[in-house]
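Peer 1: There's a structure below that I have some questions on.
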Amino acid sequence: MIVELGHFALVLAFALALVQSVLPLVGALREDRPLMAVAAPVSVGLFLLVGLSFLGLTAAYLTSDFSVLNVYANSHSAKPLIYKISGVWGNHEGSVLLWVLILVFFGALVGLFGSTIPAPLKAATLSVQAWVTTGFLAFLLFTSNPFERIPSPPLEGQGLNPILQDIGLAIHPPLLYVGYVGLSITFSFAVAALLLGRIDAAWARWVRPWTLLAWVFLTLGIAMGSYWAYYELGWGGWWFWDPVENASLMPWLVGTALLHSAIVMEKREGLKVWTILLAIFAFSLSLLGTFLVRSGVLTSVHAFATDPARGVFILGLLVLFIGGSLTLYAWRAPMLKQGGLFAPISREGALVLNNLFLSAAAAAVFIGTLYPLALDVVTGEKISVGAPFFNLTFGPLMVPLLLAVPFGPVLAWKRGDLLAACQRLYAAFGLAVVAILFCYWLWGGKAALAPLGVGLAVWLMVGAVAELITRVRLFDVGLKRGVARLVGLPGSAWGTAIAHFGVGMTVLGIVTASAFQDERILTMRPGETVELSGYDVTFDGVAPRRGPNFQEDVGLFTLRKDGAVVDRLEPSKRIYEASRMPTTEAGIHTAGFSQLYLSLGEARGDGGVDVRVYFKPLVTLIWIGCVVMSFGGLVSIFDRRLRVGAPTAARSRSKSRSALPAAAE
């Protein structure tokens, strides 16, 4: 019964989304307040209906209701509870339902908490959001029904894809989807503003918190996915340039550019055209990622669907939303007024430079990801674009961008002084040079360019700290007063510095783990020991074990340093009973920010086993830096200035009030 209730709630949600798609927008265009007032309560009702539908599918998984095709194909009665829950979105239909749930959740948030947004803009935004919701609800109901029944239910299910039965994959999709779908609100704000012809500094202030929220979750989602691939797939890498990985990276790059562009628009009413275009492209790339994962055009550990009919449906949505928004943009953009002028050497100029490099980097990833697919469609020729292409295109674009990052916050608006900015950053530059020289002394000629990368990371981290110190003039006003000023800085200033510091941490982890890792690939027999970066790794043998729904062969390794046992690692090879699919579980020892990583290969007839052993210095900084970046975004969200009404509206009201007595006189 609850399955039918969930399906019925989805049908009602589709009808309600059609209402929200039309009435509030008509009200906004006609300035009809009763029609505009429909938007908020309908958006909340839509969320409740989709939430009820999602709970219905979750209940079917928890009770192992194998009469539901989706549950039968992706669950098993012996599966642990946590993976029964994560199995709800560990498949095509369930993941799309989660996608829609987050989509309507953001709409409900705007409906409930968007009281400072002008009624026409709020109504139009929720209508545009409902357009997207209607499209994906139609996709669910007509091509990907998660509640489809099996006439003769089997006694047991086929089980979830084994590589998805991991806590990392229970967390990764929801985080990533909040980031993906969160950009839909920014898109809806942009399209609504184009429809109404109102794009100003106040619009940028209303949009920026939503963009920040989506960016925070997208950052965490990408980091979680990267770490999951690192420890679960047994290959020892943290980024493969997989097309589906790239599909999440592209909206992150454009979303980062959007955040910086919105700052210029809010402070100086500049870059209006660019900000609107970035808002459209950020969500468009999220839709593209959805198409790549669910259309069947890719084969990947991340891909869910292989049904071409579904791909055609999503492609139609892609053409409709992206093509329609860009057509509207082409019509409206020439009507936008020019913003404030600024010199090339200024904070605006630094942010424009930032946007240029981020957009170019996103374009490089876009071309490298889609060119093989396009070539296959046009000529039938199959090629592979891998890490060498991306390293040679993406890397050189990132280096000058990262060099420029510390300059932006210390330059003045409109017209900056480059020499004064350099003087404020002299300590960061000096420490970066010291770090470079130290790395050359420590590692010698092992890696010619890596010490420069370490210096770049130090430049970013110390530059972020230097920006805060110079902002409060810590050394001029004294420690006590300077600390008081630091505490009183707005959240956006702290958030920017924290996020930039996190970027430096991630760069440091990438450089050191890539350039200075130690690796051994060998066959080990029981009792043998291998030395690696000061550790002695002894192979003690292989032991069979049984899990709740799998069997595994566990490699037993003893890890010693300076003769003392520091850890026992147990990497394994698993076979899941339902699907008979093998997976690899790595053994990892963490020491500070570094890790020793051990992965099992094939077993040999003489009792030996193939082993890959890595020592990765400072590798955890890659993901810790992403968490720090996200924390910086959260700090910025809680800036009080982003939670109050736009100041331009307040000024206009005060001017109108002051004009009344003058008119009466």
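By order in the structure tokens, chains are A, B, ...; within a chain, residues start at 1; ligands start at 1, following the order shown.
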Residues within 12 Å of Arg30 (chain A), please, as a PyMOL selection string. Count only C-alpha atoms; anything in the same chain fewer than 4 positions from it doesn't count.
Peer 2: chain A and resi 23-26+34-36+119-120+123-124+196
Peer 1: Using Å and a single decimal, report how far CA of Leu12 (chain A) sits from CA of Val96 (chain A).
Peer 2: 17.2 Å
Peer 1: Would you please extract all alpha helix (DSSP H) residues from region 467-544 of chain A, as assigned by DSSP on the backbone, and give them as a VMD selection string?
Peer 2: chain A and resid 467 to 472 474 to 477 479 to 488 491 to 515
Peer 1: Smallest atom-to-atom distance to Ala40 (chain A): which of A:Ala466, A:Ala130, A:Ile367, A:Val100, using only C-alpha atoms?
Peer 2: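 Of all the options, A:Ala130 lies closest to Ala40 (chain A).
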Peer 1: Would you list the contacts of Glu245 (chain A) as a ChimeraX atom specification, taking every protein, DNA or RNA residue within 12 Å and counting only C-alpha atoms, but skipping same-chain residues closer than 6 positions in sequence?
Peer 2: /A:176,218,221-226,229,238-239,251-252,286,289-290,292-293,298,300-303,365-366,369
Peer 1: Of the residues A:Gly368, A:Gly236, A:Lys337, A:Leu358, which is the one nearest to Leu258 (chain A), using only C-alpha atoms?
Peer 2: A:Leu358
